[in-house]
Amino acid sequence: MKNMRNALLFILVATISLGISAQNVTVKGTVTDKTGETVIGASVVQKGNSGNGTITDIDGNFSLTVPANATLVFSYVGMTTQEVAVKGQKTLNVVLSDDAQALEEVVVIGYGAVKRKDLTGSVATVNSETLAAVPVASATEALTGKMAGVQITTTEGSPDAELKIRVRGGGSISQSNEPLFIVDGFPVESISDIPAADIEDMTVLKDASSTAIYGSRGANGVILVTTKSGKEGKISVNYNTYYSWKKIAKTLDVLSAADYATWQYELAQLKGSSYVASYEKFFGSYTDLDLYDNIATNDWQNLTFGRTGHTFNHSLNINGGSDKIKYAFSYNHMNDKAIMEGSSYKRDNFSLKLNTKPAKNVTLDFQARYSDTDINGGGANDVSSTYDSDKRLKYSVIYTPIPLANLDSSSGSADDDLGNLYHPLTSISDNDRMQERKTLNIAGGFGWEIFKNFKIKAEVGYDDYRNNDQRFWGLTTYYIKNVPSKDNQKKPAAQLANTNRHKFRSTNTVSYDFSKLFKGDSHHLNAMIGHEWVISKSTVQTNVIHGFPESFTASDAWKYSSQGKPFTIDNYINPDEKLLSYFGRVNYDFESKYLLSVTFRADGSSKFSSGNQWGYFPSAAVAWRVSSEPFMESAKNWLDDLKLRVSYGTAGNNNIPPGQMNLNYKSSATSWINGFDSYWSASKIMPNSDLKWETTITRNVGMDFTVLGGKLNGTVEAYLNTTKDLLIQFPVAGTGYDYQYRNMGKTQNKGIEASINWTILDKKNFGLSFSANIGFNKNEIKDLGIMNDFGEETYWASSEIGYDFWIAKGSSVGRMYGYRSAGRYEVSDFTGYDETTKSWKLKDGVVDGTAVLGKLRPGTMKLANVDGSADNKVTLADREIIGDANPVHTGGFSINARAYGFDLSANFNWSYGNDVYNANKMEFTNPGKYQYRNMIGEMAAGKRWNNLNADGTICNDPAQLAAMNANTTMWSPYVNSEKMIFSDWAVEDASFLRLNTLTLGYTLPKSLLSKAHIQNLRLYVTAYNVFCLTNYSGYDPEVSTIRRTNLTPGVDYSAYPKSRQFVVGLNLNF
Amino acid sequence: MLSLAGAMTSCDLEAPSVSAMEEPNLFSVRDLAEGAVMGIHQSFGETNSYRGRFLPYYGINTDLEWINNIDPAKIADDGKYELCTYATRPTNSQMNTDNNAWAKFYEGIERANLCIRGLRTYADLTNPDFSQLLGEAITLRAVLYLDLVKGWGDVPGRFEPNSSETVYLPRMDRDSIYIRLLNDLKEASDMVSWPNGSTVTKSTERINKAFVKGLRARIALYAAGYSQRADGIRRSNSPELTVDKMYAIAKEECIDIINNSGCVLGNFIDNFKKLCQDNTTAGGESLWEVPFSAGRGRVLYTFGVKHKAKDQYTEQAQGGINGPLPYLFYDYDVEDVRRDITCVPYEWSSNLVNGKAKQEVRSLKSWCFGKLRYEWMNRIVTSTNDDGVNWQYMRLADVYLMAAEAINELESPAAAAPYLKPILERALPAAKVSAYMTKATANKEAFFNAIVEQRGFEFAGESLRKADLIRWNLLKTKMDEAKEKMKQLARREGAYADLPEKLYYKIDKDEETLLFYGLNHGETGNAPAGYESVTWINTEKLTDELINSLYQKNPDENQFWPIWQTFIDNSNGMLSND
């Protein structure tokens, strides 16, 4: 930092001179830091007359003429500001010390800001420097691994992949656990459209004492984003650009052509003679199998996801201003051609921020942000569609590796429920999608200090969101074969959905600093009260068009929509969402030693009926700066700061769809009833007029410390959050409705978090620092109301598996439920083969899996008789909890080093102790009811059980079969019941440690740049996803594909694969 | 500014639903109210409702019908085999989902309850258009309740829209439900028109007076009949549900339909062809059909003749999932026209020549029902999962046979005979009809037996048998009889001694139709020239193990399915299977 600091201001010093007013004394001197290095560019200002000041020159010297009794204020970014009385002296040499772990740093909290040293709640911050160090697409991505207790999961590898954010686990069961996002005071739905370059800092409020000021909606934490504002001084222009190349990070081995053909033959033999006839149509006879030796194969994973993606990103930030007006303008453009065919992402952002001071005690602020995002391509997977069966990644693995004449989707299975075999590239173009999102956010603020320390502030804001989502279903999709009416079946279909949402916000606050009330400097008391009104209106217009001409592609259908037949035109106007709030906060401290903060918020929500509309959320926090106590004096030489914090408070949640109170009829389109294309019905969700706020009580204890002269600081916290009156989407099937929102049940999250920052070396030309954080969280369902437990289906294999997640009292959300694998049946498990019944007879005492697996033969996978039933049979009752998607701990660490203009940073993140449900592996190793699917290397010849005699018959000779399989390790892929079987074999440890980014930068010496009037030029290279240490056998352990509900986390099923990326870029500042 | 804020009181927090409609507006406009009645049908079509679960599985297994290709080794599947073989567990994998028929039936009931309340409160019921709709809603609710009672015995009775007090209800005695339904239908029959009596009732897809009365007759017979109760199998003890009272209702309603509905019996085959051709003109045999659109419902999918590939008749390779028991074909009179229509020994080949499949011999153990055939349709099914043929819920032949049964019980065989005869007359040559009638009218018992037999021949594959056998208390008896018959058939003994072991067949000149020799009793001679043969009947083709898997547990002790575990768990302790 410091070498840059010195170099950076060289030119400034050389060129800028500040006005000097009439004086009595000319003070000269040198500013140095603790190591004796001169500080260049430090500001030296006469106290009380900010117009009179200067900055230190290249040697750290300054000269300023001031009244002899004046006080000089020395300040420099990152260092503690010092005031020195002149007292007539002509020479003043000042030593500035580094900010003791930036204790003076201002941290944004709800409706205000406090100095870090005065914080009483649990707050984590990431600043612009951290954000700027590594180029990332969005604000959320930048948070990955940076904050203790904030777990960010990149659910897939697609450019617009959802990033799941969990602050301390989340309390809800069925409802979203997303934190509340506030950008410059405005609540927004998502922060993924904000470029990282625009962000000044991000703050995560974790405990109720911090979140309670947001009352409702604060229960899952609050993420505050502050965008960059103009700074007083010379105009500053920043230009950042990078270009990246990316490739798929990992592919799975599939069977060779010969192995594939052989396995298909064995499969056909196992399924029965008619399947052999079908096989021969495509492959020819068994005796000709050698034709497939060494023939070329199509690597579909490579053809689908193998292209080199490119990202180009550049941004321009201009800011500057005077003490009267400050401005910040930014433009950001990003163009991302992703690794999947047909997949791309483009985003443009503009923002303008003006802060003016028309009078000494008045501020007027204005800002506007606009973002326009285009996402092309359907991704690998649809998570929310009901007809979610045409998976792209899956086809790229299981599609036949060799061209088979006449193979169409119906080959190999009569039942096409899940989609069978589609050409991976056709499947992509047949599931095409184009989304365009536009967000405009405008806000204005008026501040007026009516009299000293009494301020009022009024803010209004408007947020406009438009999403244009165009979807296409081509000829191979499940949708067009089943949803449209008969005349339009098997013809392309499209959906055009337009969402318009407007949100208006008005916030007024009054604050007063009671400093006058107290004599001296010991007591500080300030108070703030406020009021807020947020109203959100939204309309979703969904047009579904069926029956396009068969030749139509996606773009044809979107352009020429009148060529199809309208199925639904639904202009759905949602009930308004209104939130009216009153809130207040009092902060008090005594000598900055004993701190107290009390907040209270009352929220009224239109989502509840009158009587239940208002929720009241009080909180309190106390902190004790132990290090300021006299008895700690002896520790002063090593302990800079030690603070203990305790907080207790409540936060609320109204995270349910609006309009749940009354019974209303909705019109829906239908293609199921003859003669009618629409019907009226009550919602499938039963109304509930008794709904009220969900409340989370959080208890937090924390300790902040700074030692070794500010070189090492850290935080340790523990919390216990209980959420009661949970708003649950409660299953009520059998009453006439599917669900009802209820306040029911109770959950608990408890955990410990720690983070440290350690500046190991900090010399003029080199430095090294390290920071790390870790969070442990344990979630427990304490109560589920009238139920003890219930199951949830992922449904990835239609209804073949049934419940594969189990939600139970005393447990947590994310428990996977299935059988225990017991390896495979060996020949020795059978008494022998019975020719007459054509079946193998199981020995007594050997577990009998017939009910689940169908007819058994040696090589069949074996399941354990978990319930110990006397008949030794495996049934549905033999399923149990076999996995847990919740990590024991997650965290990250980063190492930053610099030397002579070079900087190097490495950011790691990890997750430990969670499981992943590898549905891919199940499907890629089990043909199910299908024929002609390829498999992954796990089932290659030599590994999988072999039933095939050399002459092409199925071997039923015990001795020979045993001999053939003496060296094989896996079971036979074929399961006679022709179902997917979920056992703990498919549950894998998802622990990972990822080197998320590795950056090497070089900042050119100032001497070279000065002539071009460039202040700073840095070139860098970054690698993303450099490596991921994991035992997981699939694509990537950080995955969560089935996101239709919150109840099925951690499933890896046909996710868009992640890529490895290499970036070159530059930061330019003038 | 703050004072302005203070003015925003909590009444500003009202946020009415905009794109939603409230009851008064909905039920006072006919077209909108009709849309609400269609909402009931939407529930019929839900994936695991009638469409994909109740229709395929409720009616089997009986002494006529079974699920084809049971693998005795896999029968303990906690799935479809157990469902059909009287060994169902509450965890059944086909049914134990929260979107199952149970839930969707109650969804339909709630929608009906809302329509009934809405129409009664806000509609002008002097206007026949509105009373028709109210009658439809009441009748559809009765349909749903009847099927609930058939499937599960005593079930919760929800006759008003849900309120917070009625979210959780225990089972209601089936007698109370029957009494309620009989009253409801009496009321509804005055609200709706006879077939073709109004624009709406020109279609068999809408509720008409004939169906309401027919349904009332059917319910009366069930209500008076036997069924399994906590204290064993018995008739109702309710004085309101005596045999006399109930059979009188059945008689009265059926005779009213026969005399006044304008509906006529046509040829046996025409009813099914019409059904397959989506011909819903009222006035024929069909009284009411579940109005599946062409893209919804698994009717042929389950009950049709099997097509193994996409061929000249269908792009959906389905059918043959359920089929007649192997002996049924041989029990029909050789000249009974219903025989070849009901039982089909072939399927359509997977091999196509010039895009066309041909018939291929199936096997003795897996006959297809033939009343529903893709080849009779005048459209090609393109959906991969649904065929869209309507489910015929009741036809006129049923009304005749119910009348005959009731009158025999109340009066005499002679008085009942005129209602049995028309059914036989269209099935058999006149001489055989006379002979049969003579035998049947000998006494009450003989006539009853004739009704049992004829309802079997007439309705095999229409999912009526199971409930009939239960109300007659003949379920196990007849199923044991069926097992015995199948064993005799497999050994070619008894009534089946005059059947050949081999079946001879050749493809007809049209290159798709199979001609057979050896299906008829006595065809034991040499096959005509050019016929190929296949071993058709022996104990390997129809193993005792398979025959014995007709049922796993005593059907009389398992007349009803258990309530699925998910609904027990969700019932707040109100429901159990004890």
# chains A, B, ... in the order shown; residues from 1 in each chain; ligands from 1
call {"tool": "closest_atom_pairs", "arguments": {"of": "chain B", "to": "chain A", "cutoff": "7 Å", "atoms": "only C-alpha atoms", "output": "tab-separated table"}}
result
residue	atom	partner	partner_atom	distance
B:Leu13	CA	A:Ser606	CA	4.5
B:Glu14	CA	A:Ser606	CA	5.6
B:Ala15	CA	A:Asp576	CA	5.3
B:Pro16	CA	A:Pro575	CA	5.7
B:Ser17	CA	A:Pro575	CA	4.6
B:Val18	CA	A:Ile573	CA	5.7
B:Ser19	CA	A:Ile573	CA	5.2
B:Ala20	CA	A:Lys666	CA	4.9
B:Met21	CA	A:Tyr665	CA	4.9
B:Glu22	CA	A:Asn664	CA	5.5
B:Gly35	CA	A:Tyr679	CA	4.3
B:Ala36	CA	A:Trp680	CA	4.4
B:Met38	CA	A:Tyr679	CA	5.6
B:Gly39	CA	A:Tyr679	CA	5.3
B:His41	CA	A:Ile673	CA	6.8
B:Gln42	CA	A:Trp672	CA	6.8
B:Gly45	CA	A:Trp672	CA	6.3
B:Ala73	CA	A:Lys855	CA	6.7
B:Lys74	CA	A:Gly854	CA	5.7
B:Ala76	CA	A:Ala851	CA	5.6
B:Asp77	CA	A:Ala851	CA	4.9
B:Asp98	CA	A:Ala733	CA	5.6
B:Trp102	CA	A:Gly734	CA	6.3
B:Ala103	CA	A:Gly734	CA	4.2
B:Lys104	CA	A:Gly736	CA	7.0
B:Tyr106	CA	A:Gly736	CA	4.4
B:Glu107	CA	A:Gly736	CA	3.6
B:Ile109	CA	A:Gly736	CA	6.9
B:Glu110	CA	A:Gly736	CA	5.3
B:Arg111	CA	A:Ser681	CA	6.8
B:Val167	CA	A:Thr735	CA	6.1
B:Pro291	CA	A:Asn674	CA	5.4
B:Phe292	CA	A:Ile673	CA	5.1
B:Ser293	CA	A:Asn674	CA	4.1
B:Ala294	CA	A:Lys486	CA	5.4
B:Gly295	CA	A:Ser485	CA	5.4
B:Arg296	CA	A:Trp672	CA	5.3
B:Ala317	CA	A:Ala414	CA	6.4
B:Thr382	CA	A:Gln489	CA	6.5
B:Ser383	CA	A:Lys481	CA	4.8
B:Thr384	CA	A:Lys481	CA	6.0
B:Asn385	CA	A:Asn482	CA	6.7
B:Phe567	CA	A:Gly734	CA	6.2
B:Asp569	CA	A:Met787	CA	6.9
B:Asn570	CA	A:Val732	CA	6.2
B:Asn572	CA	A:Ile786	CA	5.8
call {"tool": "residues_around", "arguments": {"residues": "segment 474-476 of chain A", "least_positions_apart": "6", "cutoff": "9 Å", "atoms": "only C-alpha atoms", "output": "list of chain:residue names"}}
result
A:Asp390, A:Ser409, A:Gly419, A:Tyr422, A:His423, A:Thr426, A:Ser427, A:Ser429, A:Asp430, A:Asn431, A:Asp432, A:Lys490, A:Lys491, A:Pro492, A:Ala493, A:Ala494, A:Glu550, A:Phe552, A:Thr553, A:Ala554
call {"tool": "residues_around", "arguments": {"residues": "Met964 of chain A", "least_positions_apart": "5", "cutoff": "9 Å", "atoms": "only C-alpha atoms", "output": "number ranges by chain"}}
result
A: 945-949, 959
call {"tool": "write_last_selection", "arguments": {"atoms": "C-alpha atoms", "output": "mmCIF file, in the first residue's frame"}}
result
data_model
loop_
_atom_site.group_PDB
_atom_site.id
_atom_site.type_symbol
_atom_site.label_atom_id
_atom_site.label_comp_id
_atom_site.auth_asym_id
_atom_site.auth_seq_id
_atom_site.Cartn_x
_atom_site.Cartn_y
_atom_site.Cartn_z
ATOM 1 C CA TRP A 945 -20.020 -56.500 -13.683
ATOM 2 C CA ASN A 946 -20.124 -58.459 -16.923
ATOM 3 C CA ASN A 947 -22.895 -60.924 -17.731
ATOM 4 C CA LEU A 948 -21.943 -61.555 -21.307
ATOM 5 C CA ASN A 949 -20.325 -64.752 -22.496
ATOM 6 C CA ALA A 959 -18.396 -70.720 -11.814
#
call {"tool": "residues_around", "arguments": {"residues": "Tyr419 of chain B", "least_positions_apart": "5", "cutoff": "7 Å", "atoms": "only C-alpha atoms", "output": "short mmCIF file (atom, residue, chain, number, x, y, z; two decimals) with N, CA and C atoms, in the first residue's frame"}}
result
data_model
loop_
_atom_site.label_atom_id
_atom_site.label_comp_id
_atom_site.auth_asym_id
_atom_site.auth_seq_id
_atom_site.Cartn_x
_atom_site.Cartn_y
_atom_site.Cartn_z
N TYR B 400 -80.48 -50.21 -17.84
CA TYR B 400 -81.36 -51.37 -18.05
C TYR B 400 -81.06 -52.46 -17.03
N LEU B 401 -79.78 -52.76 -16.87
CA LEU B 401 -79.45 -53.87 -15.97
C LEU B 401 -79.71 -53.51 -14.50
N ALA B 403 -82.17 -51.56 -13.59
CA ALA B 403 -83.62 -51.67 -13.48
C ALA B 403 -84.00 -53.13 -13.30
N ALA B 404 -83.43 -53.99 -14.12
CA ALA B 404 -83.74 -55.42 -14.05
C ALA B 404 -83.41 -55.96 -12.67
#
call {"tool": "select_by_dssp", "arguments": {"residues": "segment 416-509 of chain B", "states": "strand (DSSP E or B)", "output": "list in words"}}
result
Lys502, Leu503, Tyr504, Tyr505, Lys506 and Ile507 of chain B
call {"tool": "residues_around", "arguments": {"residues": "segment 710-727 of chain A", "least_positions_apart": "6", "cutoff": "8 Å", "atoms": "only C-alpha atoms", "output": "JSON, numbers by chain"}}
result
{"A": [98, 99, 100, 101, 122, 171, 172, 173, 174, 175, 207, 640, 654, 655, 656, 692, 693, 694, 695, 696, 697, 698, 699, 700, 701, 702, 703, 704, 741, 742, 743, 744, 745, 746, 747, 748, 749, 750, 751, 752, 753, 754, 755, 756, 757, 758, 759, 760]}
call {"tool": "residues_around", "arguments": {"residues": "Gly530 of chain B", "least_positions_apart": "3", "cutoff": "12 Å", "atoms": "only C-alpha atoms", "output": "JSON, numbers by chain"}}
result
{"B": [504, 505, 506, 507, 508, 515, 516, 517, 526, 527, 533]}
call {"tool": "residues_around", "arguments": {"residues": "Lys466 of chain B", "least_positions_apart": "4", "cutoff": "8 Å", "atoms": "only C-alpha atoms", "output": "list of chain:residue names"}}
result
B:Gly59, B:Ile60, B:Asn61, B:Thr62, B:Ile470, B:Leu475
call {"tool": "write_last_selection", "arguments": {"atoms": "N, CA and C atoms", "output": "short mmCIF file (atom, residue, chain, number, x, y, z; two decimals), in the first residue's frame"}}
result
data_model
loop_
_atom_site.label_atom_id
_atom_site.label_comp_id
_atom_site.auth_asym_id
_atom_site.auth_seq_id
_atom_site.Cartn_x
_atom_site.Cartn_y
_atom_site.Cartn_z
N GLY B 59 -60.41 -50.17 -10.85
CA GLY B 59 -61.30 -51.28 -11.19
C GLY B 59 -60.69 -52.66 -11.20
N ILE B 60 -59.44 -52.77 -10.95
CA ILE B 60 -58.79 -54.08 -11.03
C ILE B 60 -58.15 -54.40 -9.69
N ASN B 61 -57.94 -55.68 -9.39
CA ASN B 61 -58.29 -56.89 -10.13
C ASN B 61 -59.68 -57.38 -9.69
N THR B 62 -60.36 -58.06 -10.61
CA THR B 62 -61.65 -58.67 -10.29
C THR B 62 -61.68 -60.06 -10.88
N ILE B 470 -68.50 -56.19 -4.74
CA ILE B 470 -68.50 -55.82 -3.32
C ILE B 470 -69.92 -55.66 -2.80
N LEU B 475 -67.11 -60.69 -3.79
CA LEU B 475 -65.77 -60.35 -4.30
C LEU B 475 -64.83 -61.56 -4.27
#
call {"tool": "atom_distance", "arguments": {"atom1": "atom CA of Glu880 of chain A", "atom2": "atom CA of Val866 of chain A"}}
result
7.8 Å
call {"tool": "select_by_dssp", "arguments": {"residues": "segment 385-463 of chain B", "states": "helix (DSSP H, G or I)", "output": "VMD selection string"}}
result
chain B and resid 396 to 410 413 to 425 430 to 440 444 to 459
call {"tool": "atom_distance", "arguments": {"atom1": "atom CA of Gly378 of chain A", "atom2": "atom CA of Leu303 of chain A"}}
result
16.4 Å
call {"tool": "atom_distance", "arguments": {"atom1": "atom CA of Ala249 of chain A", "atom2": "atom CA of Asn298 of chain A"}}
result
19.1 Å
call {"tool": "closest_atom_pairs", "arguments": {"of": "segment 875-915 of chain A", "to": "segment 813-831 of chain A", "cutoff": "12 Å", "atoms": "only C-alpha atoms", "output": "CSV"}}
result
residue,atom,partner,partner_atom,distance
A:Thr875,CA,A:Tyr819,CA,9.3
A:Leu876,CA,A:Tyr819,CA,8.4
A:Ala877,CA,A:Tyr819,CA,9.1
A:Asp878,CA,A:Tyr819,CA,6.2
A:Arg879,CA,A:Tyr819,CA,4.5
A:Glu880,CA,A:Tyr817,CA,5.3
A:Ile881,CA,A:Tyr817,CA,4.5
A:Ile882,CA,A:Tyr817,CA,5.6
A:Gly883,CA,A:Met816,CA,4.7
A:Asp884,CA,A:Arg815,CA,4.5
A:Ala885,CA,A:Gly814,CA,5.1
A:Asn886,CA,A:Gly814,CA,6.5
A:Pro887,CA,A:Gly814,CA,10.2
A:Asn914,CA,A:Gly814,CA,9.7
A:Asp915,CA,A:Met816,CA,8.8
